[in-house]
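Q: Sharing entry.txt (compact mmCIF, C-alpha atoms) below.
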# COMPACT_ATOMS: atom_id res chain seq x y z
CA MET A 10 0.00 0.00 0.00
CA ASN A 11 1.03 3.58 -0.60
CA VAL A 12 0.19 6.70 1.35
CA ARG A 13 -2.29 8.57 -0.84
CA LEU A 14 -0.93 11.99 0.03
CA ALA A 15 2.57 12.84 1.13
CA ILE A 16 3.33 16.32 -0.14
CA PRO A 17 5.21 18.54 2.37
CA SER A 18 4.00 21.80 0.82
CA MET A 19 0.42 20.95 1.79
CA THR A 20 0.88 20.98 5.55
CA ILE A 21 -1.85 23.61 6.11
CA LYS A 22 -4.49 21.41 4.50
CA CYS A 23 -3.09 18.37 6.28
CA ARG A 24 -4.06 19.90 9.61
CA MET A 25 -7.67 19.76 8.41
CA PHE A 26 -7.27 16.02 7.81
CA PRO A 27 -5.13 14.58 10.65
CA VAL A 28 -5.46 11.04 9.29
CA LYS A 29 -3.31 8.81 7.12
CA VAL A 30 -5.00 7.66 3.91
CA CYS A 31 -3.45 4.68 2.16
CA GLU A 32 -4.32 3.15 -1.19
CA LEU A 33 -3.59 -0.02 -3.11
CA ILE A 34 -3.91 0.12 -6.88
CA ALA A 35 -4.88 -3.44 -7.79
CA VAL A 36 -3.35 -3.84 -11.24
CA THR A 37 -1.70 -7.25 -10.92
CA GLU A 38 -3.55 -10.42 -11.91
CA SER A 39 -2.99 -11.87 -8.45
CA HIS A 40 -4.68 -8.87 -6.83
CA LYS A 41 -7.59 -9.06 -9.27
CA LYS A 42 -8.13 -12.78 -8.60
CA LEU A 43 -8.09 -12.23 -4.85
CA LEU A 44 -10.57 -9.35 -5.18
CA GLU A 45 -12.89 -11.47 -7.35
CA LYS A 46 -12.92 -14.21 -4.71
CA GLY A 47 -13.14 -11.81 -1.78
CA LEU A 48 -9.84 -13.05 -0.39
CA LEU A 49 -7.78 -9.86 -0.47
CA SER A 50 -6.80 -8.51 2.93
CA LEU A 51 -4.58 -5.62 4.00
CA ASN A 52 -2.34 -5.51 7.04
CA TRP A 53 -1.83 -2.46 9.19
CA LYS A 54 0.22 -2.50 12.38
CA GLY A 55 -0.06 -6.24 12.68
CA LYS A 56 -3.83 -6.41 12.13
CA SER A 57 -5.54 -7.81 9.04
CA TYR A 58 -8.48 -6.02 7.36
CA GLN A 59 -10.64 -7.78 4.78
CA VAL A 60 -11.27 -5.92 1.51
CA PRO A 61 -14.84 -6.20 0.13
CA ARG A 62 -15.27 -8.63 -2.75
CA VAL A 63 -15.21 -6.96 -6.17
CA THR A 64 -16.99 -9.17 -8.67
CA SER A 65 -16.44 -8.74 -12.40
CA ASN A 66 -20.06 -9.76 -13.05
CA PRO A 67 -22.26 -7.81 -10.60
CA SER A 68 -26.02 -8.26 -10.63
CA ARG A 69 -27.23 -6.17 -7.68
CA PHE A 70 -26.48 -2.44 -7.72
CA MET A 71 -27.41 0.16 -5.13
CA PHE A 72 -27.78 3.76 -6.32
CA ILE A 73 -27.70 6.51 -3.72
CA SER A 74 -27.11 10.25 -3.81
CA ASP A 75 -27.29 13.54 -1.89
CA THR A 76 -26.96 11.96 1.52
CA GLY A 77 -25.59 14.54 3.98
CA LEU A 78 -27.33 16.45 6.77
CA ARG A 79 -28.66 19.62 5.12
CA ILE A 80 -27.61 22.85 6.82
CA LYS A 81 -27.84 25.81 4.47
CA PRO A 82 -28.80 29.15 5.98
CA THR A 83 -29.70 31.84 3.47
CA ASN A 84 -27.75 34.27 5.65
CA LEU A 85 -25.46 32.85 8.29
CA GLY A 86 -25.31 36.14 10.16
CA LEU A 87 -22.12 35.10 11.92
CA GLY A 88 -20.66 38.45 12.82
CA ASN A 89 -21.73 41.82 11.50
CA ILE A 90 -19.81 42.39 8.28
CA ALA A 91 -21.20 45.91 7.83
CA THR A 92 -20.10 47.25 11.22
CA GLY A 93 -17.02 45.07 11.62
CA GLU A 94 -18.26 43.65 14.91
CA ALA A 95 -16.98 40.08 15.24
CA PRO A 96 -16.38 39.96 11.47
CA CYS A 97 -16.33 36.69 9.62
CA ASN A 98 -13.27 36.81 7.41
CA ALA A 99 -13.50 33.25 6.14
CA SER A 100 -14.19 32.30 2.53
CA THR A 101 -17.67 32.09 1.08
CA VAL A 102 -19.62 29.11 -0.20
CA TYR A 103 -22.38 30.01 -2.65
CA GLY A 104 -21.98 33.58 -1.43
CA LEU A 105 -22.39 32.65 2.27
CA HIS A 106 -19.55 33.47 4.64
CA GLN A 107 -18.23 30.44 6.45
CA CYS A 108 -17.00 31.05 9.99
CA PRO A 109 -15.51 27.79 11.17
CA PHE A 110 -13.61 29.23 14.12
CA ASN A 111 -14.79 32.62 15.33
CA PHE A 112 -18.57 32.34 15.67
CA THR A 113 -20.09 32.91 19.09
CA GLN A 114 -23.07 31.60 20.99
CA GLN A 115 -24.78 34.92 20.31
CA ASP A 116 -24.27 34.38 16.57
CA LEU A 117 -25.88 30.96 16.77
CA ASN A 118 -28.90 32.37 18.59
CA GLN A 119 -29.68 34.87 15.82
CA PRO A 120 -32.84 33.94 13.86
CA GLN A 121 -31.87 32.37 10.53
CA THR A 122 -33.89 31.04 7.61
CA GLY A 123 -32.78 28.50 5.03
CA ASN A 124 -32.81 24.78 4.32
CA PHE A 125 -32.32 22.75 7.48
CA GLN A 126 -32.67 19.12 8.45
CA GLY A 127 -33.02 17.88 12.01
CA LEU A 128 -30.81 15.07 13.23
CA ASP A 129 -33.98 13.18 14.14
CA GLU A 130 -35.14 13.21 10.49
CA TRP A 131 -31.81 12.33 8.88
CA TYR A 132 -32.21 8.64 8.05
CA PHE A 133 -29.02 8.03 6.11
CA LYS A 134 -27.47 5.59 8.58
CA GLN A 135 -30.66 3.57 8.98
CA LEU A 136 -31.00 3.27 5.19
CA VAL A 137 -27.46 2.09 4.52
CA ASP A 138 -27.42 -0.24 7.53
CA ASP A 139 -30.53 -1.86 6.07
CA ALA A 140 -28.89 -2.02 2.64
CA ALA A 141 -25.94 -3.87 4.16
CA SER A 142 -28.25 -6.87 4.61
CA LYS A 143 -29.38 -6.89 0.96
CA ASP A 144 -26.32 -8.61 -0.54
CA VAL A 145 -25.44 -5.66 -2.83
CA ASP A 146 -22.58 -6.18 -5.29
CA VAL A 147 -21.71 -2.53 -6.00
CA ILE A 148 -22.70 0.82 -4.47
CA MET A 149 -23.04 3.72 -6.88
CA HIS A 150 -22.99 6.99 -4.93
CA LEU A 151 -23.93 9.72 -7.41
CA GLY A 152 -22.40 12.59 -5.46
CA ASP A 153 -23.10 15.18 -2.74
CA TYR A 154 -21.75 13.72 0.49
CA LEU A 155 -21.02 16.84 2.51
CA TYR A 156 -23.95 19.07 3.45
CA ARG A 157 -22.71 20.48 6.77
CA GLN A 158 -21.17 23.59 5.28
CA GLY A 159 -21.33 25.53 8.56
CA PRO A 160 -22.74 25.50 12.08
CA CYS A 161 -26.44 25.02 12.69
CA PRO A 162 -28.24 28.17 13.96
CA ILE A 163 -30.24 27.25 17.03
CA ASN A 164 -33.08 29.64 16.21
CA ASN A 165 -33.55 28.49 12.61
CA THR A 166 -36.61 28.33 10.37
CA ASP A 167 -36.75 25.93 7.44
CA ILE A 168 -38.21 27.70 4.41
CA LEU A 169 -40.12 24.62 3.24
CA ASP A 170 -42.17 23.65 6.30
CA LYS A 171 -41.63 26.79 8.44
CA GLU A 172 -40.38 24.72 11.38
CA THR A 173 -37.28 24.89 13.56
CA LYS A 174 -34.94 21.95 12.94
CA ASP A 175 -32.86 20.55 15.77
CA CYS A 176 -29.38 20.16 14.32
CA SER A 177 -27.47 22.34 16.79
CA ALA A 178 -25.67 19.37 18.32
CA ILE A 179 -23.15 19.48 15.46
CA ASN A 180 -21.91 22.80 16.89
CA PHE A 181 -20.46 21.01 19.89
CA PRO A 182 -18.54 18.04 18.49
CA GLU A 183 -17.86 15.08 20.71
CA HIS A 184 -14.32 14.75 19.42
CA ALA A 185 -13.26 17.88 21.34
CA THR A 186 -11.78 15.90 24.21
CA GLU A 187 -8.41 15.27 25.79
CA GLU A 188 -9.36 11.65 26.40
CA GLU A 189 -6.83 9.17 25.02
CA ILE A 190 -8.36 6.99 22.31
CA ALA A 191 -7.34 3.34 22.35
CA GLU A 192 -5.76 1.80 19.25
CA ASP A 193 -8.29 0.56 16.64
CA THR A 194 -11.21 2.11 18.50
CA ILE A 195 -13.94 3.44 16.19
CA MET A 196 -15.18 6.65 17.72
CA ASN A 197 -18.73 7.72 17.01
CA TYR A 198 -18.33 11.43 16.34
CA ILE A 199 -21.98 11.86 15.43
CA PRO A 200 -23.32 14.47 15.47
CA GLY A 201 -19.73 15.35 14.76
CA GLU A 202 -18.49 18.49 13.11
CA TYR A 203 -19.09 20.54 9.98
CA GLY A 204 -17.01 21.80 7.09
CA ASP A 205 -14.59 20.27 4.60
CA ASN A 206 -12.34 18.57 7.14
CA TRP A 207 -11.93 15.11 8.62
CA TRP A 208 -14.60 15.60 11.28
CA GLY A 209 -17.15 16.99 8.82
CA TRP A 210 -16.60 14.05 6.47
CA TRP A 211 -16.67 11.56 9.33
CA GLY A 212 -19.98 12.90 10.63
CA ASP A 213 -21.71 13.35 7.26
CA PHE A 214 -20.44 10.28 5.42
CA PHE A 215 -18.01 7.81 6.96
CA TRP A 216 -19.72 7.08 10.24
CA PRO A 217 -23.23 6.49 8.84
CA PHE A 218 -21.82 4.61 5.82
CA LEU A 219 -19.24 2.57 7.70
CA LYS A 220 -21.07 -0.76 7.94
CA LEU A 221 -21.80 -0.88 4.21
CA LEU A 222 -18.31 0.29 3.25
CA LYS A 223 -16.82 -2.67 5.08
CA GLU A 224 -18.84 -5.10 2.97
CA THR A 225 -19.40 -3.56 -0.46
CA PRO A 226 -17.20 -1.82 -3.07
CA LEU A 227 -18.06 1.81 -3.78
CA VAL A 228 -18.10 3.87 -6.98
CA ALA A 229 -17.97 7.47 -5.75
CA LEU A 230 -19.05 10.22 -8.14
CA ARG A 231 -18.36 13.87 -7.48
CA GLY A 232 -21.33 16.17 -6.89
CA ASN A 233 -21.59 19.94 -6.82
CA HIS A 234 -21.12 19.78 -3.04
CA GLU A 235 -17.61 18.48 -3.75
CA VAL A 236 -16.35 21.46 -5.76
CA CYS A 237 -13.07 22.83 -4.46
CA ALA A 238 -14.74 25.74 -2.63
CA ARG A 239 -17.08 23.47 -0.73
CA GLY A 240 -16.16 19.82 -0.09
CA GLY A 241 -13.50 19.10 -2.70
CA TYR A 242 -10.56 18.55 -0.37
CA GLY A 243 -12.20 15.64 1.41
CA TYR A 244 -13.48 14.14 -1.83
CA PHE A 245 -10.02 14.02 -3.40
CA MET A 246 -8.43 12.81 -0.19
CA PHE A 247 -10.82 9.90 0.37
CA LEU A 248 -12.96 9.06 -2.68
CA SER A 249 -11.59 10.26 -6.01
CA PRO A 250 -10.21 7.49 -8.26
CA VAL A 251 -7.56 9.72 -9.83
CA GLU A 252 -3.99 10.04 -8.67
CA MET A 253 -3.78 12.71 -6.01
CA GLN A 254 -1.41 15.35 -7.34
CA ASP A 255 -3.15 18.26 -5.65
CA TYR A 256 -5.72 18.66 -2.92
CA CYS A 257 -8.45 19.49 -5.44
CA LEU A 258 -8.92 19.67 -9.20
CA GLY A 259 -11.49 21.79 -11.01
CA ASN A 260 -12.53 18.96 -13.32
CA VAL A 261 -11.60 15.32 -13.82
CA PRO A 262 -11.77 13.90 -17.37
CA PRO A 263 -14.38 11.17 -18.02
CA TYR A 264 -13.41 7.62 -17.11
CA SER A 265 -14.93 4.16 -17.45
CA ILE A 266 -15.59 1.35 -14.97
CA LYS A 267 -15.63 -1.96 -16.82
CA PHE A 268 -17.41 -5.12 -15.76
CA GLN A 269 -17.82 -8.38 -17.64
CA HIS A 270 -21.07 -7.50 -19.40
CA GLU A 271 -21.32 -3.72 -19.12
CA GLN A 272 -19.36 -0.58 -18.41
CA PHE A 273 -20.24 2.61 -16.59
CA LEU A 274 -19.08 5.91 -18.08
CA VAL A 275 -18.50 8.58 -15.45
CA MET A 276 -18.72 12.35 -16.02
CA ASP A 277 -17.44 14.92 -13.53
CA ASP A 278 -20.17 17.56 -13.83
CA SER A 279 -19.64 18.96 -10.34
CA ILE A 280 -19.09 22.53 -11.48
CA ILE A 281 -20.87 23.99 -14.48
CA GLU A 282 -21.37 27.61 -15.49
CA GLU A 283 -25.13 27.46 -15.93
CA LEU A 284 -27.34 29.76 -17.92
CA TYR A 285 -28.58 32.53 -15.58
CA GLY A 286 -26.93 30.75 -12.66
CA GLY A 287 -28.98 27.58 -13.14
CA ASN A 288 -32.31 26.56 -11.68
CA ASP A 289 -32.00 23.09 -10.22
CA HIS A 290 -34.36 23.00 -7.25
CA PHE A 291 -38.12 23.13 -7.01
CA LEU A 292 -39.11 25.86 -4.55
CA PRO A 293 -42.62 26.76 -3.32
CA GLY A 294 -44.43 29.22 -5.56
CA GLU A 295 -41.99 29.00 -8.45
CA CYS A 296 -43.76 26.38 -10.58
CA PRO A 297 -46.58 27.22 -13.01
CA PRO A 298 -49.87 25.29 -12.90
CA ALA A 299 -49.75 21.89 -14.62
CA PRO A 300 -51.30 21.96 -18.12
CA ASN A 301 -54.59 20.17 -18.65
CA THR A 302 -53.40 18.69 -21.92
CA GLY A 303 -50.12 18.24 -23.77
CA SER A 304 -46.56 18.21 -22.50
CA ILE A 305 -44.63 20.54 -20.25
CA VAL A 306 -42.19 22.43 -22.48
CA PRO A 307 -39.40 24.60 -21.01
CA ILE A 308 -39.25 28.21 -22.16
CA GLU A 309 -36.58 29.20 -24.70
CA GLN A 310 -33.48 30.76 -23.18
CA ASN A 311 -30.90 32.96 -24.90
CA ARG A 312 -27.40 32.48 -23.53
CA HIS A 313 -26.19 35.77 -25.00
CA ASN A 314 -28.40 37.67 -22.57
CA ASP A 315 -26.43 36.18 -19.69
CA THR A 316 -23.68 38.37 -18.22
CA ASN A 317 -21.51 35.25 -17.77
CA ASP A 318 -21.58 34.37 -21.47
CA GLN A 319 -17.80 33.99 -21.70
CA ASP A 320 -17.68 31.57 -18.74
CA ILE A 321 -20.58 29.61 -20.25
CA GLN A 322 -18.65 29.28 -23.51
CA GLU A 323 -15.63 27.89 -21.66
CA HIS A 324 -17.78 25.22 -20.06
CA LEU A 325 -19.52 24.46 -23.34
CA ASP A 326 -16.10 23.79 -24.83
CA LEU A 327 -15.05 21.66 -21.84
CA PHE A 328 -18.14 19.46 -21.78
CA THR A 329 -18.25 19.15 -25.57
CA ARG A 330 -14.78 17.60 -25.34
CA ASN A 331 -15.80 15.43 -22.40
CA PHE A 332 -18.92 14.13 -24.14
CA LYS A 333 -16.82 13.24 -27.19
CA LYS A 334 -14.66 11.18 -24.83
CA ILE A 335 -17.80 9.52 -23.41
CA GLU A 336 -18.89 8.61 -26.95
CA GLU A 337 -15.46 7.19 -27.77
CA MET A 338 -15.43 5.06 -24.63
CA SER A 339 -18.93 3.75 -25.39
CA MET A 340 -17.46 1.95 -28.41
CA GLU A 341 -15.53 -0.34 -26.06
CA ALA A 342 -18.58 -2.24 -24.76
CA GLU A 343 -21.92 -3.44 -26.02
CA VAL A 344 -23.80 -2.24 -22.93
CA ASN A 345 -23.06 1.22 -21.53
CA PHE A 346 -24.50 3.24 -18.66
CA TYR A 347 -23.83 6.94 -18.13
CA LEU A 348 -23.25 8.21 -14.59
CA GLY A 349 -23.32 11.91 -13.73
CA HIS A 350 -24.43 13.89 -10.73
CA ARG A 351 -26.60 16.34 -12.67
CA PRO A 352 -29.61 15.09 -14.66
CA LEU A 353 -29.11 15.50 -18.39
CA PHE A 354 -32.75 16.19 -19.28
CA ALA A 355 -34.33 17.55 -16.13
CA ILE A 356 -36.53 20.63 -15.87
CA GLY A 357 -36.97 23.05 -13.00
CA CYS A 358 -39.04 26.07 -12.07
CA ASN A 359 -38.04 29.71 -11.93
CA ASN A 360 -40.37 32.65 -11.30
CA GLY A 361 -43.44 30.83 -12.55
CA SER A 362 -41.84 29.30 -15.66
CA VAL A 363 -40.50 25.86 -16.48
CA VAL A 364 -36.84 26.01 -17.49
CA THR A 365 -34.14 23.58 -18.59
CA VAL A 366 -32.06 22.68 -15.56
CA ASP A 367 -28.67 21.89 -17.06
CA TRP A 368 -28.75 23.88 -20.27
CA THR A 369 -24.97 23.85 -20.58
CA LEU A 370 -24.80 20.05 -20.41
CA GLN A 371 -27.58 19.62 -22.96
CA GLN A 372 -25.98 22.04 -25.41
CA SER A 373 -22.67 20.16 -25.11
CA LEU A 374 -24.16 16.86 -26.23
CA GLY A 375 -23.38 15.78 -29.77
CA PRO A 376 -25.99 14.25 -32.11
CA THR A 377 -24.71 10.71 -31.48
CA THR A 378 -23.25 11.03 -27.96
CA LEU A 379 -25.86 8.82 -26.32
CA ASP A 380 -26.52 6.39 -29.18
CA ARG A 381 -24.78 3.53 -27.36
CA ILE A 382 -25.90 4.51 -23.86
CA SER A 383 -28.62 2.19 -22.51
CA ALA A 384 -29.55 4.36 -19.53
CA THR A 385 -28.33 7.36 -17.53
CA PHE A 386 -28.28 7.69 -13.73
CA HIS A 387 -28.17 10.93 -11.75
CA GLY A 388 -28.79 12.61 -8.42
CA HIS A 389 -28.81 16.31 -7.52
CA MET A 390 -32.50 17.21 -7.78
CA GLN A 391 -34.43 18.04 -4.64
Would you mind giving the structure from this file in structure tokens?
A:
Amino acid sequence: MNVRLAIPSMTIKCRMFPVKVCELIAVTESHKKLLEKGLLSLNWKGKSYQVPRVTSNPSRFMFISDTGLRIKPTNLGLGNIATGEAPCNASTVYGLHQCPFNFTQQDLNQPQTGNFQGLDEWYFKQLVDDAASKDVDVIMHLGDYLYRQGPCPINNTDILDKETKDCSAINFPEHATEEEIAEDTIMNYIPGEYGDNWWGWWGDFFWPFLKLLKETPLVALRGNHEVCARGGYGYFMFLSPVEMQDYCLGNVPPYSIKFQHEQFLVMDDSIIEELYGGNDHFLPGECPPAPNTGSIVPIEQNRHNDTNDQDIQEHLDLFTRNFKKIEEMSMEAEVNFYLGHRPLFAIGCNNGSVVTVDWTLQQSLGPTTLDRISATFHGHMQ
């Protein structure tokens, strides 16, 4: 096994992830045979750990996506930026200031609105624990693992059901202790921590997913929550299949996952410059009435009216190239499935109109891109 990351110049980021991540690239025939039979084990400090069986002919797939504990205030209110009182000088995520260190109890008590999920209604662990008993051959996680982008305001109001959600326990992580942890002890850090660091990833993904990860191989797509400004560091540290040359990459070229009778073609569509900023969530009051007859047709949109037209063109060029690569790879198998976080042909609502969700992706498709694709699988939509 090799240490996945050992780059001295990255010591600042390493403090956010005080763990050692090792990887074994199974390229030899002996490794592949052991994986097929479920007989491959890894040794660490004198203890053996069984690697889940990786069959070349899977028949039972589990698709899952968008699994983290949602905490997304529309205005965090952590410190008064205008007056300079207790200012939050941290970076922003989707325009929201993140204050991972200098928020106060008074900040957390300020009334906040947004999208919140209570710990008592977050069923991720129960779902995957149940799936662990279903004899699944491969897990396909379609992206969006990290949702805890900041602390949970105590006096919050969810914009969907107008209720206060009890998620404040994540503000006081259980790992903040001087207690010595015994070797090989699995600590339950739930409700854990928040942010793109080891504790945030442990709380939002690894702890609830742990039982299934021990038994089943995982294909881990990258979602928009794993862009570099949000959860990209943890994704590249723990889940990305590419060689780790940097803590985060803006885009990973398409790649294929081959099985005996089919292959899965994976697109990194985590960050896309969307027309008018994109409209990918259904919000109350934004959808028009359903038509009595006929189909729902999105309104026409003119990209040249968008102030970000140059950025859109760059992404059109990028995804046009990437879709050409997808089409080329589809020639290598008779049965192909496309995996991407964002739906290719979804619609959404915006100010009373139906609009194309991922206009940029659709415009990047070629006339024959999907001719050999049997089905596409996605997450992202709420």
Q: Atom CA of Glu323 of chain A to atom CA of Asn260 of chain A: how many Å, to one decimal?
A: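 Atom CA of Asn260 of chain A lies 12.6 Å from atom CA of Glu323 of chain A.
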Q: At a cut-off of 7 Å, using all atoms listed in the file, what residues contact Gln126 of chain A? Leave out same-chain residues fewer than 5 positions from it and give the result as a compact mmCIF listing (two decimals) with C-alpha atoms, keeping the file's coordinate frame.
A:
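The resulting part_21.txt:
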# COMPACT_ATOMS: atom_id res chain seq x y z
CA LEU A 78 -27.33 16.45 6.77
CA ARG A 79 -28.66 19.62 5.12
CA ILE A 80 -27.61 22.85 6.82
CA TRP A 131 -31.81 12.33 8.88
CA LYS A 174 -34.94 21.95 12.94
CA CYS A 176 -29.38 20.16 14.32
Q: Segment 207-230 of chain A near segment 155-167 of chain A within 10 Å: what's each residue's closest atom pair and its distance in Å to one decimal, counting all atoms listed in the file, ordered by chain then ascending residue number, as JSON lines?
A:
{"residue": "A:Gly209", "atom": "CA", "partner": "A:Arg157", "partner_atom": "CA", "distance": 6.9}
{"residue": "A:Trp210", "atom": "CA", "partner": "A:Leu155", "partner_atom": "CA", "distance": 6.6}
{"residue": "A:Trp211", "atom": "CA", "partner": "A:Leu155", "partner_atom": "CA", "distance": 9.7}
{"residue": "A:Gly212", "atom": "CA", "partner": "A:Arg157", "partner_atom": "CA", "distance": 8.9}
{"residue": "A:Asp213", "atom": "CA", "partner": "A:Leu155", "partner_atom": "CA", "distance": 5.9}
{"residue": "A:Phe214", "atom": "CA", "partner": "A:Leu155", "partner_atom": "CA", "distance": 7.2}
Q: For Val261 of chain A, please output as number ranges by chain all residues within 12 Å (counting only C-alpha atoms; exclusion window: fewer than 5 positions along the same chain).
A: A: 230-232, 236, 241, 245, 249-253, 275-280, 327-328, 331
Q: Take the selection from the previous step and output its residues with C-alpha atoms, as a PDB file, keeping the file's coordinate frame.
A:
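That gives us again16.pdb:
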ATOM      1  CA  LEU A 230     -19.050  10.220  -8.140  1.00  0.00           C
ATOM      2  CA  ARG A 231     -18.360  13.870  -7.480  1.00  0.00           C
ATOM      3  CA  GLY A 232     -21.330  16.170  -6.890  1.00  0.00           C
ATOM      4  CA  VAL A 236     -16.350  21.460  -5.760  1.00  0.00           C
ATOM      5  CA  GLY A 241     -13.500  19.100  -2.700  1.00  0.00           C
ATOM      6  CA  PHE A 245     -10.020  14.020  -3.400  1.00  0.00           C
ATOM      7  CA  SER A 249     -11.590  10.260  -6.010  1.00  0.00           C
ATOM      8  CA  PRO A 250     -10.210   7.490  -8.260  1.00  0.00           C
ATOM      9  CA  VAL A 251      -7.560   9.720  -9.830  1.00  0.00           C
ATOM     10  CA  GLU A 252      -3.990  10.040  -8.670  1.00  0.00           C
ATOM     11  CA  MET A 253      -3.780  12.710  -6.010  1.00  0.00           C
ATOM     12  CA  VAL A 275     -18.500   8.580 -15.450  1.00  0.00           C
ATOM     13  CA  MET A 276     -18.720  12.350 -16.020  1.00  0.00           C
ATOM     14  CA  ASP A 277     -17.440  14.920 -13.530  1.00  0.00           C
ATOM     15  CA  ASP A 278     -20.170  17.560 -13.830  1.00  0.00           C
ATOM     16  CA  SER A 279     -19.640  18.960 -10.340  1.00  0.00           C
ATOM     17  CA  ILE A 280     -19.090  22.530 -11.480  1.00  0.00           C
ATOM     18  CA  LEU A 327     -15.050  21.660 -21.840  1.00  0.00           C
ATOM     19  CA  PHE A 328     -18.140  19.460 -21.780  1.00  0.00           C
ATOM     20  CA  ASN A 331     -15.800  15.430 -22.400  1.00  0.00           C
TER      21      ASN A 331
END
Q: Of the candidates A:Phe218, A:Phe354, A:Phe346, A:Phe332, which one gets nearest to His270 of chain A if we count all atoms listed in the file?
A: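 Smallest separation from His270 of chain A among the options: A:Phe346.
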Q: How many Å separate atom CA of Val36 of chain A from atom CA of Trp216 of chain A?
A: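 Those two atoms sit 29.1 Å apart.
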Q: Quote the spacing between atom CA of Leu48 of chain A and atom CA of Val30 of chain A in Å to one decimal place.
A: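 Computing the Euclidean distance for atom CA of Leu48 of chain A and atom CA of Val30 of chain A yields 21.7 Å.
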Q: Counting all atoms listed in the file, which residue out of A:Asn11, A:Asn345, A:Ser142, A:Thr64 sits closest to Thr385 of chain A?
A: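 Of A:Asn11, A:Asn345, A:Ser142, A:Thr64, the one nearest Thr385 of chain A is A:Asn345, counting all atoms listed in the file.
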Q: Within 12 Å of (-21.0, 25.4, -23.5), all atoms listed in the file: residues as a PDB file with C-alpha atoms, in the coordinates of the input?
A:
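Produced file point08.pdb, reproduced below:
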ATOM      1  CA  ILE A 281     -20.870  23.990 -14.480  1.00  0.00           C
ATOM      2  CA  GLU A 282     -21.370  27.610 -15.490  1.00  0.00           C
ATOM      3  CA  GLU A 283     -25.130  27.460 -15.930  1.00  0.00           C
ATOM      4  CA  LEU A 284     -27.340  29.760 -17.920  1.00  0.00           C
ATOM      5  CA  ARG A 312     -27.400  32.480 -23.530  1.00  0.00           C
ATOM      6  CA  HIS A 313     -26.190  35.770 -25.000  1.00  0.00           C
ATOM      7  CA  ASN A 317     -21.510  35.250 -17.770  1.00  0.00           C
ATOM      8  CA  ASP A 318     -21.580  34.370 -21.470  1.00  0.00           C
ATOM      9  CA  GLN A 319     -17.800  33.990 -21.700  1.00  0.00           C
ATOM     10  CA  ASP A 320     -17.680  31.570 -18.740  1.00  0.00           C
ATOM     11  CA  ILE A 321     -20.580  29.610 -20.250  1.00  0.00           C
ATOM     12  CA  GLN A 322     -18.650  29.280 -23.510  1.00  0.00           C
ATOM     13  CA  GLU A 323     -15.630  27.890 -21.660  1.00  0.00           C
ATOM     14  CA  HIS A 324     -17.780  25.220 -20.060  1.00  0.00           C
ATOM     15  CA  LEU A 325     -19.520  24.460 -23.340  1.00  0.00           C
ATOM     16  CA  ASP A 326     -16.100  23.790 -24.830  1.00  0.00           C
ATOM     17  CA  LEU A 327     -15.050  21.660 -21.840  1.00  0.00           C
ATOM     18  CA  PHE A 328     -18.140  19.460 -21.780  1.00  0.00           C
ATOM     19  CA  THR A 329     -18.250  19.150 -25.570  1.00  0.00           C
ATOM     20  CA  ARG A 330     -14.780  17.600 -25.340  1.00  0.00           C
ATOM     21  CA  ASN A 331     -15.800  15.430 -22.400  1.00  0.00           C
ATOM     22  CA  PHE A 332     -18.920  14.130 -24.140  1.00  0.00           C
ATOM     23  CA  ASP A 367     -28.670  21.890 -17.060  1.00  0.00           C
ATOM     24  CA  TRP A 368     -28.750  23.880 -20.270  1.00  0.00           C
ATOM     25  CA  THR A 369     -24.970  23.850 -20.580  1.00  0.00           C
ATOM     26  CA  LEU A 370     -24.800  20.050 -20.410  1.00  0.00           C
ATOM     27  CA  GLN A 371     -27.580  19.620 -22.960  1.00  0.00           C
ATOM     28  CA  GLN A 372     -25.980  22.040 -25.410  1.00  0.00           C
ATOM     29  CA  SER A 373     -22.670  20.160 -25.110  1.00  0.00           C
ATOM     30  CA  LEU A 374     -24.160  16.860 -26.230  1.00  0.00           C
ATOM     31  CA  GLY A 375     -23.380  15.780 -29.770  1.00  0.00           C
TER      32      GLY A 375
END
Q: Give the answer as one residue: which of A:Asp75, A:Thr173, A:Met149, A:Leu44 has the shortest atom-to-atom distance to Pro120 of chain A, using all atoms listed in the file?
A: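 Using all atoms listed in the file, Pro120 of chain A sits closest to A:Thr173.
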Q: Using only C-alpha atoms for the distances, tell me which of A:Asp380, A:Asp144, A:Asp205, A:Glu45 is nearest to Phe26 of chain A.
A: A:Asp205
Q: Here is a test: counting all atoms listed in the file, which residue of A:Leu117, A:Val228, A:Ala140, A:Ile335 is nearest to Pro82 of chain A?
A: A:Leu117
Q: Taking into account all atoms listed in the file, which residue in the set A:Met338, A:Leu221, A:Val63, A:Val363 is nearest to Phe268 of chain A?
A: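 Closest to Phe268 of chain A, using all atoms listed in the file: A:Val63.
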Q: Quick one: residues within 10 Å of Tyr132 of chain A, only C-alpha atoms, excluding same-chain residues fewer than 6 positions away - as a list of chain:residue names?
A: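 Using only C-alpha atoms, the neighbours found are A:Thr76, A:Gly77, A:Leu78, A:Pro217.
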